[in-house]
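As provided, model_25.pdb (PDB, C-alpha atoms) reads as follows.
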```pdb
MODEL        1
ATOM      1  CA  MET S  42     -51.342   3.024 -18.788  1.00  0.00           C
ATOM      2  CA  SER S  43     -51.293   4.881 -22.066  1.00  0.00           C
ATOM      3  CA  GLN S  44     -49.016   4.048 -24.957  1.00  0.00           C
ATOM      4  CA  SER S  45     -47.028   7.325 -24.646  1.00  0.00           C
ATOM      5  CA  SER S  46     -46.354   6.928 -20.908  1.00  0.00           C
ATOM      6  CA  ARG S  47     -45.216   3.343 -21.505  1.00  0.00           C
ATOM      7  CA  ARG S  48     -42.736   4.571 -24.148  1.00  0.00           C
ATOM      8  CA  THR S  49     -41.493   7.206 -21.710  1.00  0.00           C
ATOM      9  CA  TRP S  50     -40.819   4.592 -19.015  1.00  0.00           C
ATOM     10  CA  VAL S  51     -39.066   2.291 -21.478  1.00  0.00           C
ATOM     11  CA  SER S  52     -36.880   5.206 -22.594  1.00  0.00           C
ATOM     12  CA  VAL S  53     -36.055   6.071 -18.968  1.00  0.00           C
ATOM     13  CA  ILE S  54     -35.116   2.459 -18.188  1.00  0.00           C
ATOM     14  CA  ILE S  55     -32.954   2.147 -21.309  1.00  0.00           C
ATOM     15  CA  ALA S  56     -31.202   5.448 -20.521  1.00  0.00           C
ATOM     16  CA  SER S  57     -30.607   4.306 -16.923  1.00  0.00           C
ATOM     17  CA  VAL S  58     -29.074   1.028 -18.075  1.00  0.00           C
ATOM     18  CA  ILE S  59     -26.802   2.871 -20.518  1.00  0.00           C
ATOM     19  CA  ILE S  60     -25.671   5.339 -17.819  1.00  0.00           C
ATOM     20  CA  VAL S  61     -24.946   2.541 -15.324  1.00  0.00           C
ATOM     21  CA  GLY S  62     -22.990   0.688 -18.031  1.00  0.00           C
ATOM     22  CA  ILE S  63     -20.901   3.772 -18.834  1.00  0.00           C
ATOM     23  CA  LEU S  64     -20.196   4.327 -15.120  1.00  0.00           C
ATOM     24  CA  ALA S  65     -19.144   0.680 -14.704  1.00  0.00           C
ATOM     25  CA  VAL S  66     -16.755   0.901 -17.666  1.00  0.00           C
ATOM     26  CA  ALA S  67     -15.329   4.164 -16.281  1.00  0.00           C
ATOM     27  CA  ALA S  68     -14.803   2.601 -12.832  1.00  0.00           C
ATOM     28  CA  ILE S  69     -13.065  -0.457 -14.287  1.00  0.00           C
ATOM     29  CA  GLY S  70     -10.910   1.705 -16.554  1.00  0.00           C
ATOM     30  CA  GLY S  71     -10.021   4.066 -13.699  1.00  0.00           C
ATOM     31  CA  THR S  72      -9.030   1.157 -11.468  1.00  0.00           C
ATOM     32  CA  ALA S  73      -6.884  -0.403 -14.185  1.00  0.00           C
ATOM     33  CA  TYR S  74      -5.170   2.940 -14.829  1.00  0.00           C
ATOM     34  CA  PHE S  75      -4.544   3.493 -11.110  1.00  0.00           C
ATOM     35  CA  ILE S  76      -2.933   0.063 -10.740  1.00  0.00           C
ATOM     36  CA  TYR S  77      -0.875   0.623 -13.891  1.00  0.00           C
ATOM     37  CA  ARG S  78       0.454   3.915 -12.495  1.00  0.00           C
ATOM     38  CA  HIS S  79       1.054   2.855  -8.874  1.00  0.00           C
ATOM     39  CA  VAL S  80       2.124  -0.811  -8.969  1.00  0.00           C
ATOM     40  CA  ASN S  81       5.254  -1.900 -10.800  1.00  0.00           C
ATOM     41  CA  THR S  82       6.145  -5.592 -10.869  1.00  0.00           C
ATOM     42  CA  GLU S  83       9.196  -7.051 -12.552  1.00  0.00           C
ATOM     43  CA  PHE S  84      11.122 -10.287 -12.541  1.00  0.00           C
ATOM     44  CA  THR S  85      14.738  -9.536 -11.766  1.00  0.00           C
ATOM     45  CA  PRO S  86      17.856 -11.296 -10.502  1.00  0.00           C
ATOM     46  CA  THR S  87      18.649 -11.061  -6.808  1.00  0.00           C
ATOM     47  CA  ALA S  88      21.645  -8.768  -7.432  1.00  0.00           C
ATOM     48  CA  ASN S  89      19.455  -6.126  -9.130  1.00  0.00           C
ATOM     49  CA  ALA S  90      16.859  -6.305  -6.366  1.00  0.00           C
ATOM     50  CA  GLN S  91      19.564  -5.991  -3.704  1.00  0.00           C
ATOM     51  CA  ARG S  92      20.868  -2.865  -5.425  1.00  0.00           C
ATOM     52  CA  GLN S  93      17.403  -1.281  -5.308  1.00  0.00           C
ATOM     53  CA  PHE S  94      17.042  -2.154  -1.611  1.00  0.00           C
ATOM     54  CA  VAL S  95      20.493  -0.733  -0.819  1.00  0.00           C
ATOM     55  CA  ASP S  96      19.613   2.511  -2.621  1.00  0.00           C
ATOM     56  CA  ALA S  97      16.271   2.789  -0.824  1.00  0.00           C
ATOM     57  CA  ARG S  98      17.787   1.966   2.589  1.00  0.00           C
ATOM     58  CA  ALA S  99      20.561   4.557   2.130  1.00  0.00           C
ATOM     59  CA  ARG S 100      17.947   7.289   2.524  1.00  0.00           C
ATOM     60  CA  PHE S 101      17.154   6.008   6.021  1.00  0.00           C
ATOM     61  CA  ALA S 102      20.668   5.294   7.334  1.00  0.00           C
ATOM     62  CA  GLY S 103      20.613   5.317  11.130  1.00  0.00           C
ATOM     63  CA  GLN S 104      16.828   5.742  11.299  1.00  0.00           C
ATOM     64  CA  GLN S 105      14.794   3.445  13.546  1.00  0.00           C
ATOM     65  CA  PRO S 106      11.801   1.909  11.709  1.00  0.00           C
ATOM     66  CA  LEU S 107       8.362   2.515  13.201  1.00  0.00           C
ATOM     67  CA  ILE S 108       7.735  -1.257  13.224  1.00  0.00           C
ATOM     68  CA  GLU S 109      10.476  -3.715  14.086  1.00  0.00           C
ATOM     69  CA  MET S 110       9.996  -7.416  13.460  1.00  0.00           C
ATOM     70  CA  ARG S 111      12.140  -9.630  15.671  1.00  0.00           C
ATOM     71  CA  ARG S 112      12.565 -13.277  14.828  1.00  0.00           C
ATOM     72  CA  GLY S 113      10.239 -15.351  17.002  1.00  0.00           C
ATOM     73  CA  ASP S 114       9.080 -12.335  19.023  1.00  0.00           C
ATOM     74  CA  GLU S 115       6.138 -10.022  18.874  1.00  0.00           C
ATOM     75  CA  PRO S 116       6.456  -7.044  16.526  1.00  0.00           C
ATOM     76  CA  VAL S 117       7.555  -3.872  18.274  1.00  0.00           C
ATOM     77  CA  LEU S 118       5.936  -0.525  17.474  1.00  0.00           C
ATOM     78  CA  HIS S 119       8.514   2.147  18.294  1.00  0.00           C
ATOM     79  CA  ARG S 120       6.327   4.971  19.516  1.00  0.00           C
ATOM     80  CA  GLU S 121       9.423   6.927  20.572  1.00  0.00           C
ATOM     81  CA  VAL S 122      10.114   7.713  16.905  1.00  0.00           C
ATOM     82  CA  ILE S 123       6.719   9.426  16.720  1.00  0.00           C
ATOM     83  CA  THR S 124       7.331  13.129  17.179  1.00  0.00           C
ATOM     84  CA  ALA S 125       5.250  15.345  19.440  1.00  0.00           C
ATOM     85  CA  SER S 126       5.570  18.334  17.113  1.00  0.00           C
ATOM     86  CA  GLN S 127       3.700  18.643  13.837  1.00  0.00           C
ATOM     87  CA  PRO S 128       5.757  16.638  11.291  1.00  0.00           C
ATOM     88  CA  GLU S 129       5.979  17.266   7.584  1.00  0.00           C
ATOM     89  CA  ARG S 130       2.854  16.192   5.692  1.00  0.00           C
ATOM     90  CA  ILE S 131       3.048  12.731   4.156  1.00  0.00           C
ATOM     91  CA  GLU S 132       2.089  12.437   0.501  1.00  0.00           C
ATOM     92  CA  THR S 133       2.873   8.797  -0.357  1.00  0.00           C
ATOM     93  CA  LEU S 134       3.240   5.384   1.246  1.00  0.00           C
ATOM     94  CA  ARG S 135       5.808   3.313  -0.664  1.00  0.00           C
ATOM     95  CA  VAL S 136       6.443  -0.415  -0.514  1.00  0.00           C
ATOM     96  CA  LEU S 137       9.370  -2.281  -2.058  1.00  0.00           C
ATOM     97  CA  ALA S 138       9.062  -6.065  -1.803  1.00  0.00           C
ATOM     98  CA  TYR S 139      11.176  -8.834  -3.258  1.00  0.00           C
ATOM     99  CA  ASP S 140      10.388 -12.542  -3.342  1.00  0.00           C
ATOM    100  CA  GLU S 141      13.780 -14.186  -3.732  1.00  0.00           C
ATOM    101  CA  HIS S 142      12.292 -17.588  -4.533  1.00  0.00           C
ATOM    102  CA  GLY S 143      10.203 -16.226  -7.414  1.00  0.00           C
ATOM    103  CA  GLY S 144      12.617 -13.448  -8.403  1.00  0.00           C
ATOM    104  CA  LYS S 145       9.762 -10.929  -8.343  1.00  0.00           C
ATOM    105  CA  LEU S 146      10.307  -7.308  -7.313  1.00  0.00           C
ATOM    106  CA  VAL S 147       7.205  -5.246  -6.551  1.00  0.00           C
ATOM    107  CA  ASN S 148       7.273  -1.476  -6.122  1.00  0.00           C
ATOM    108  CA  VAL S 149       4.008   0.075  -4.885  1.00  0.00           C
ATOM    109  CA  SER S 150       3.240   3.753  -4.409  1.00  0.00           C
ATOM    110  CA  ILE S 151      -0.038   4.600  -2.651  1.00  0.00           C
ATOM    111  CA  PRO S 152      -1.175   8.208  -2.307  1.00  0.00           C
ATOM    112  CA  MET S 153      -2.003   9.025   1.318  1.00  0.00           C
ATOM    113  CA  TRP S 154      -5.193  10.835   0.301  1.00  0.00           C
ATOM    114  CA  LEU S 155      -6.494   7.457  -0.892  1.00  0.00           C
ATOM    115  CA  LEU S 156      -5.621   5.742   2.393  1.00  0.00           C
ATOM    116  CA  ARG S 157      -7.273   8.546   4.361  1.00  0.00           C
ATOM    117  CA  MET S 158     -10.534   7.953   2.456  1.00  0.00           C
ATOM    118  CA  PHE S 159     -10.993   4.465   3.931  1.00  0.00           C
ATOM    119  CA  PRO S 160     -13.373   4.414   6.883  1.00  0.00           C
ATOM    120  CA  GLN S 161     -11.159   1.990   8.805  1.00  0.00           C
ATOM    121  CA  LYS S 162      -8.005   3.938   9.659  1.00  0.00           C
ATOM    122  CA  ARG S 163      -6.134   0.804  10.661  1.00  0.00           C
ATOM    123  CA  MET S 164      -3.521  -0.636   8.316  1.00  0.00           C
ATOM    124  CA  SER S 165      -2.432  -4.227   8.167  1.00  0.00           C
ATOM    125  CA  PHE S 166       0.653  -5.380   6.297  1.00  0.00           C
ATOM    126  CA  LEU S 167      -0.452  -8.483   4.456  1.00  0.00           C
ATOM    127  CA  SER S 168       1.401 -11.628   3.512  1.00  0.00           C
ATOM    128  CA  ASP S 169       1.434 -12.152  -0.217  1.00  0.00           C
ATOM    129  CA  ASN S 170       3.284 -14.143  -2.826  1.00  0.00           C
ATOM    130  CA  GLY S 171       5.803 -15.905  -0.608  1.00  0.00           C
ATOM    131  CA  ILE S 172       6.706 -13.010   1.667  1.00  0.00           C
ATOM    132  CA  ASP S 173       6.445 -14.251   5.237  1.00  0.00           C
ATOM    133  CA  PHE S 174       4.770 -11.529   7.278  1.00  0.00           C
ATOM    134  CA  ASP S 175       2.369 -12.072  10.165  1.00  0.00           C
ATOM    135  CA  SER S 176      -0.431  -9.607   9.406  1.00  0.00           C
ATOM    136  CA  ASP S 177      -2.503 -10.665  12.406  1.00  0.00           C
ATOM    137  CA  ARG S 178       0.076  -9.224  14.796  1.00  0.00           C
ATOM    138  CA  VAL S 179       1.114  -6.045  12.976  1.00  0.00           C
ATOM    139  CA  HIS S 180      -1.439  -3.256  12.961  1.00  0.00           C
ATOM    140  CA  VAL S 181      -0.648   0.429  12.766  1.00  0.00           C
ATOM    141  CA  THR S 182      -3.035   3.335  12.355  1.00  0.00           C
ATOM    142  CA  LEU S 183      -2.781   6.124   9.822  1.00  0.00           C
ATOM    143  CA  GLU S 184      -2.559   8.496  12.781  1.00  0.00           C
ATOM    144  CA  ASP S 185       0.617   6.679  13.916  1.00  0.00           C
ATOM    145  CA  ILE S 186       2.105   7.093  10.461  1.00  0.00           C
ATOM    146  CA  ASP S 187       1.031  10.743  10.176  1.00  0.00           C
ATOM    147  CA  ARG S 188       2.530  11.566  13.584  1.00  0.00           C
ATOM    148  CA  ARG S 189       5.733   9.773  12.575  1.00  0.00           C
ATOM    149  CA  GLY S 190       6.102  11.930   9.489  1.00  0.00           C
ATOM    150  CA  PRO S 191       8.110  10.928   6.428  1.00  0.00           C
ATOM    151  CA  GLY S 192      10.486   8.064   7.114  1.00  0.00           C
ATOM    152  CA  LEU S 193      11.037   4.353   7.506  1.00  0.00           C
ATOM    153  CA  ILE S 194       8.016   2.292   8.589  1.00  0.00           C
ATOM    154  CA  LEU S 195       9.279  -1.275   8.190  1.00  0.00           C
ATOM    155  CA  ASP S 196      12.440  -3.050   7.032  1.00  0.00           C
ATOM    156  CA  GLN S 197      12.116  -6.827   7.180  1.00  0.00           C
ATOM    157  CA  THR S 198      13.807  -9.871   5.696  1.00  0.00           C
ATOM    158  CA  ASP S 199      12.058 -13.177   6.331  1.00  0.00           C
ATOM    159  CA  ARG S 200      13.634 -16.589   6.829  1.00  0.00           C
ATOM    160  CA  ARG S 201      13.436 -17.413   3.099  1.00  0.00           C
ATOM    161  CA  GLY S 202      15.282 -14.238   2.066  1.00  0.00           C
ATOM    162  CA  SER S 203      12.230 -12.287   0.909  1.00  0.00           C
ATOM    163  CA  GLN S 204      12.404  -8.606   1.799  1.00  0.00           C
ATOM    164  CA  VAL S 205       9.890  -5.842   2.496  1.00  0.00           C
ATOM    165  CA  LEU S 206      10.724  -2.164   2.887  1.00  0.00           C
ATOM    166  CA  VAL S 207       7.902   0.292   3.710  1.00  0.00           C
ATOM    167  CA  TRP S 208       8.392   4.058   3.997  1.00  0.00           C
ATOM    168  CA  THR S 209       6.554   7.321   3.636  1.00  0.00           C
ATOM    169  CA  GLU S 210       7.487  10.453   1.702  1.00  0.00           C
TER     170      GLU S 210
ENDMDL
END
```
Once more with this new file: its structure as structure tokens, please.
Amino acid sequence: MSQSSRRTWVSVIIASVIIVGILAVAAIGGTAYFIYRHVNTEFTPTANAQRQFVDARARFAGQQPLIEMRRGDEPVLHREVITASQPERIETLRVLAYDEHGGKLVNVSIPMWLLRMFPQKRMSFLSDNGIDFDSDRVHVTLEDIDRRGPGLILDQTDRRGSQVLVWTE
């Protein structure tokens, strides 16, 4: 191999490493920015958290949630709230969760276009940070949520007082 072709290959390898490094930094920065914009966590007294839950629930007064959690029973997926006609397009899945023991209120806003990109169209509501939620028994598809249209997905309070409210807009 000649000296000039060796220099060319070294230059190509160095350029490739630099490009991969820039892409990695961009991916990490983009992820951090996304989380910063869509996840809001704050420590707050129970009274403030209750006020936020009351305000959020007021929008859905009299509306049956898509998923109902009954104490000691299996979760119930209310398919009767899924409309047969074409509902309004959903833009965002929102989650409001409060861990009473830790005093932590989490507000998450996930764009539906991001959820639709995942190859597995099945959603699972996960247990995290002291919120008692059986994720093995509660599965709902994005198609269920899309057919439901904007509205209440889940309103649950566990035995320790932690609360989760999930809705779409």
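Taking atom CA of S:Asp140 as the reference point, atom CA of S:Gln204 is found at 6.8 Å.
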Closest-contact table, stretch 60-117 of chain S side, partner stretch 144-161 of chain S, 7 Å, counting only C-alpha atoms, as JSON lines:
```
{"residue": "S:His79", "atom": "CA", "partner": "S:Ser150", "partner_atom": "CA", "distance": 5.1}
{"residue": "S:Val80", "atom": "CA", "partner": "S:Val149", "partner_atom": "CA", "distance": 4.6}
{"residue": "S:Asn81", "atom": "CA", "partner": "S:Asn148", "partner_atom": "CA", "distance": 5.1}
{"residue": "S:Thr82", "atom": "CA", "partner": "S:Val147", "partner_atom": "CA", "distance": 4.5}
{"residue": "S:Glu83", "atom": "CA", "partner": "S:Leu146", "partner_atom": "CA", "distance": 5.4}
{"residue": "S:Phe84", "atom": "CA", "partner": "S:Lys145", "partner_atom": "CA", "distance": 4.5}
{"residue": "S:Thr85", "atom": "CA", "partner": "S:Gly144", "partner_atom": "CA", "distance": 5.6}
{"residue": "S:Pro86", "atom": "CA", "partner": "S:Gly144", "partner_atom": "CA", "distance": 6.0}
{"residue": "S:Thr87", "atom": "CA", "partner": "S:Gly144", "partner_atom": "CA", "distance": 6.7}
{"residue": "S:Ala90", "atom": "CA", "partner": "S:Leu146", "partner_atom": "CA", "distance": 6.7}
```
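Atom pair atom CA of S:Glu109 / atom CA of S:Leu195 has a distance of 6.5 Å (rounded to one decimal).
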Legend entry - Option closest in space to S:Trp208, from S:Met110, S:Ala97, S:Ile69, S:Val117 [counting only C-alpha atoms]: S:Ala97
Legend entry - Polymer residues at most 9 Å from S:Arg120, all atoms listed in the file, same-chain spacing of 4 or more positions, as a PyMOL selection string: chain S and resi 107-108+124+185+189
What do you get, as a PDB file with C-alpha atoms, in the frame of the given file, if you spell out every residue that the PyMOL selection byres ((chain S and resi 131) around 7) selects here?
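Just written: expr_26.pdb:
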```
ATOM      1  CA  GLU S 129       5.979  17.266   7.584  1.00  0.00           C
ATOM      2  CA  ARG S 130       2.854  16.192   5.692  1.00  0.00           C
ATOM      3  CA  GLU S 132       2.089  12.437   0.501  1.00  0.00           C
ATOM      4  CA  THR S 133       2.873   8.797  -0.357  1.00  0.00           C
ATOM      5  CA  MET S 153      -2.003   9.025   1.318  1.00  0.00           C
ATOM      6  CA  ASP S 187       1.031  10.743  10.176  1.00  0.00           C
ATOM      7  CA  GLY S 190       6.102  11.930   9.489  1.00  0.00           C
ATOM      8  CA  PRO S 191       8.110  10.928   6.428  1.00  0.00           C
ATOM      9  CA  THR S 209       6.554   7.321   3.636  1.00  0.00           C
ATOM     10  CA  GLU S 210       7.487  10.453   1.702  1.00  0.00           C
TER      11      GLU S 210
END
```
Legend entry - Matched chain/residue IDs from the PyMOL selection byres ((chain S and resi 207) around 7), as a PyMOL selection string: chain S and resi 135-137+193-196+205-206+208
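Going from atom CA of S:Gln91 to atom CA of S:Glu141 covers 10.0 Å.
For the residues S:Val61, S:Gln197, S:Leu134, S:Pro106, ranking by smallest atom-to-atom distance to S:Leu183 using only C-alpha atoms places S:Leu134 first.
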Output requested as a PDB file, in the coordinates of the input - stretch 132-143 of chain S, filled out with all heavy atoms.
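In the end it all went to rebuild-v8.pdb:
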```pdb
ATOM      1  N   GLU S 132       2.804  12.482   1.776  1.00  0.00           N
ATOM      2  CA  GLU S 132       2.089  12.437   0.501  1.00  0.00           C
ATOM      3  C   GLU S 132       1.893  11.012  -0.015  1.00  0.00           C
ATOM      4  O   GLU S 132       0.906  10.723  -0.667  1.00  0.00           O
ATOM      5  CB  GLU S 132       2.858  13.247  -0.561  1.00  0.00           C
ATOM      6  CG  GLU S 132       3.015  14.716  -0.218  1.00  0.00           C
ATOM      7  CD  GLU S 132       1.700  15.459  -0.180  1.00  0.00           C
ATOM      8  OE1 GLU S 132       0.795  15.111  -0.960  1.00  0.00           O
ATOM      9  OE2 GLU S 132       1.582  16.375   0.640  1.00  0.00           O
ATOM     10  N   THR S 133       2.879  10.118   0.260  1.00  0.00           N
ATOM     11  CA  THR S 133       2.873   8.797  -0.357  1.00  0.00           C
ATOM     12  C   THR S 133       3.377   7.729   0.598  1.00  0.00           C
ATOM     13  O   THR S 133       4.322   7.955   1.339  1.00  0.00           O
ATOM     14  CB  THR S 133       3.793   8.801  -1.607  1.00  0.00           C
ATOM     15  OG1 THR S 133       3.414   9.861  -2.467  1.00  0.00           O
ATOM     16  CG2 THR S 133       3.702   7.498  -2.377  1.00  0.00           C
ATOM     17  N   LEU S 134       2.750   6.573   0.565  1.00  0.00           N
ATOM     18  CA  LEU S 134       3.240   5.384   1.246  1.00  0.00           C
ATOM     19  C   LEU S 134       3.845   4.502   0.158  1.00  0.00           C
ATOM     20  O   LEU S 134       3.191   4.197  -0.839  1.00  0.00           O
ATOM     21  CB  LEU S 134       2.106   4.628   1.949  1.00  0.00           C
ATOM     22  CG  LEU S 134       2.519   3.325   2.623  1.00  0.00           C
ATOM     23  CD1 LEU S 134       3.223   3.634   3.943  1.00  0.00           C
ATOM     24  CD2 LEU S 134       1.325   2.433   2.859  1.00  0.00           C
ATOM     25  N   ARG S 135       5.115   4.114   0.338  1.00  0.00           N
ATOM     26  CA  ARG S 135       5.808   3.313  -0.664  1.00  0.00           C
ATOM     27  C   ARG S 135       6.194   1.965  -0.080  1.00  0.00           C
ATOM     28  O   ARG S 135       6.578   1.873   1.078  1.00  0.00           O
ATOM     29  CB  ARG S 135       7.032   4.047  -1.176  1.00  0.00           C
ATOM     30  CG  ARG S 135       6.633   5.341  -1.877  1.00  0.00           C
ATOM     31  CD  ARG S 135       7.760   6.028  -2.565  1.00  0.00           C
ATOM     32  NE  ARG S 135       8.646   5.155  -3.276  1.00  0.00           N
ATOM     33  CZ  ARG S 135       8.644   4.982  -4.596  1.00  0.00           C
ATOM     34  NH1 ARG S 135       7.777   5.608  -5.335  1.00  0.00           N
ATOM     35  NH2 ARG S 135       9.537   4.192  -5.151  1.00  0.00           N
ATOM     36  N   VAL S 136       6.087   0.942  -0.905  1.00  0.00           N
ATOM     37  CA  VAL S 136       6.443  -0.415  -0.514  1.00  0.00           C
ATOM     38  C   VAL S 136       7.346  -0.993  -1.597  1.00  0.00           C
ATOM     39  O   VAL S 136       7.034  -0.922  -2.786  1.00  0.00           O
ATOM     40  CB  VAL S 136       5.197  -1.315  -0.356  1.00  0.00           C
ATOM     41  CG1 VAL S 136       5.593  -2.738   0.003  1.00  0.00           C
ATOM     42  CG2 VAL S 136       4.232  -0.741   0.662  1.00  0.00           C
ATOM     43  N   LEU S 137       8.459  -1.558  -1.168  1.00  0.00           N
ATOM     44  CA  LEU S 137       9.370  -2.281  -2.058  1.00  0.00           C
ATOM     45  C   LEU S 137       9.465  -3.691  -1.496  1.00  0.00           C
ATOM     46  O   LEU S 137       9.847  -3.874  -0.330  1.00  0.00           O
ATOM     47  CB  LEU S 137      10.744  -1.606  -2.080  1.00  0.00           C
ATOM     48  CG  LEU S 137      11.788  -2.177  -3.027  1.00  0.00           C
ATOM     49  CD1 LEU S 137      11.327  -2.032  -4.484  1.00  0.00           C
ATOM     50  CD2 LEU S 137      13.113  -1.461  -2.837  1.00  0.00           C
ATOM     51  N   ALA S 138       9.065  -4.675  -2.276  1.00  0.00           N
ATOM     52  CA  ALA S 138       9.062  -6.065  -1.803  1.00  0.00           C
ATOM     53  C   ALA S 138       9.717  -6.947  -2.848  1.00  0.00           C
ATOM     54  O   ALA S 138       9.522  -6.756  -4.053  1.00  0.00           O
ATOM     55  CB  ALA S 138       7.625  -6.533  -1.551  1.00  0.00           C
ATOM     56  N   TYR S 139      10.494  -7.906  -2.353  1.00  0.00           N
ATOM     57  CA  TYR S 139      11.176  -8.834  -3.258  1.00  0.00           C
ATOM     58  C   TYR S 139      11.000 -10.253  -2.753  1.00  0.00           C
ATOM     59  O   TYR S 139      11.302 -10.563  -1.600  1.00  0.00           O
ATOM     60  CB  TYR S 139      12.665  -8.500  -3.350  1.00  0.00           C
ATOM     61  CG  TYR S 139      13.413  -9.404  -4.313  1.00  0.00           C
ATOM     62  CD1 TYR S 139      13.131  -9.371  -5.669  1.00  0.00           C
ATOM     63  CD2 TYR S 139      14.373 -10.287  -3.858  1.00  0.00           C
ATOM     64  CE1 TYR S 139      13.801 -10.194  -6.556  1.00  0.00           C
ATOM     65  CE2 TYR S 139      15.056 -11.117  -4.738  1.00  0.00           C
ATOM     66  CZ  TYR S 139      14.763 -11.058  -6.084  1.00  0.00           C
ATOM     67  OH  TYR S 139      15.428 -11.878  -6.968  1.00  0.00           O
ATOM     68  N   ASP S 140      10.516 -11.118  -3.630  1.00  0.00           N
ATOM     69  CA  ASP S 140      10.388 -12.542  -3.342  1.00  0.00           C
ATOM     70  C   ASP S 140      11.568 -13.227  -4.006  1.00  0.00           C
ATOM     71  O   ASP S 140      11.602 -13.380  -5.224  1.00  0.00           O
ATOM     72  CB  ASP S 140       9.065 -13.068  -3.883  1.00  0.00           C
ATOM     73  CG  ASP S 140       8.894 -14.563  -3.684  1.00  0.00           C
ATOM     74  OD1 ASP S 140       9.683 -15.167  -2.927  1.00  0.00           O
ATOM     75  OD2 ASP S 140       7.971 -15.129  -4.292  1.00  0.00           O
ATOM     76  N   GLU S 141      12.546 -13.604  -3.200  1.00  0.00           N
ATOM     77  CA  GLU S 141      13.780 -14.186  -3.732  1.00  0.00           C
ATOM     78  C   GLU S 141      13.513 -15.500  -4.456  1.00  0.00           C
ATOM     79  O   GLU S 141      14.113 -15.781  -5.497  1.00  0.00           O
ATOM     80  CB  GLU S 141      14.780 -14.403  -2.598  1.00  0.00           C
ATOM     81  CG  GLU S 141      16.157 -14.796  -3.084  1.00  0.00           C
ATOM     82  CD  GLU S 141      17.155 -14.829  -1.961  1.00  0.00           C
ATOM     83  OE1 GLU S 141      17.558 -13.754  -1.492  1.00  0.00           O
ATOM     84  OE2 GLU S 141      17.524 -15.948  -1.555  1.00  0.00           O
ATOM     85  N   HIS S 142      12.598 -16.298  -3.919  1.00  0.00           N
ATOM     86  CA  HIS S 142      12.292 -17.588  -4.533  1.00  0.00           C
ATOM     87  C   HIS S 142      11.719 -17.406  -5.945  1.00  0.00           C
ATOM     88  O   HIS S 142      12.100 -18.122  -6.869  1.00  0.00           O
ATOM     89  CB  HIS S 142      11.322 -18.373  -3.652  1.00  0.00           C
ATOM     90  CG  HIS S 142      10.923 -19.692  -4.225  1.00  0.00           C
ATOM     91  ND1 HIS S 142      11.805 -20.730  -4.393  1.00  0.00           N
ATOM     92  CD2 HIS S 142       9.728 -20.138  -4.684  1.00  0.00           C
ATOM     93  CE1 HIS S 142      11.173 -21.759  -4.928  1.00  0.00           C
ATOM     94  NE2 HIS S 142       9.910 -21.424  -5.100  1.00  0.00           N
ATOM     95  N   GLY S 143      10.822 -16.463  -6.108  1.00  0.00           N
ATOM     96  CA  GLY S 143      10.203 -16.226  -7.414  1.00  0.00           C
ATOM     97  C   GLY S 143      10.936 -15.203  -8.260  1.00  0.00           C
ATOM     98  O   GLY S 143      10.633 -15.044  -9.443  1.00  0.00           O
TER      99      GLY S 143
END
```
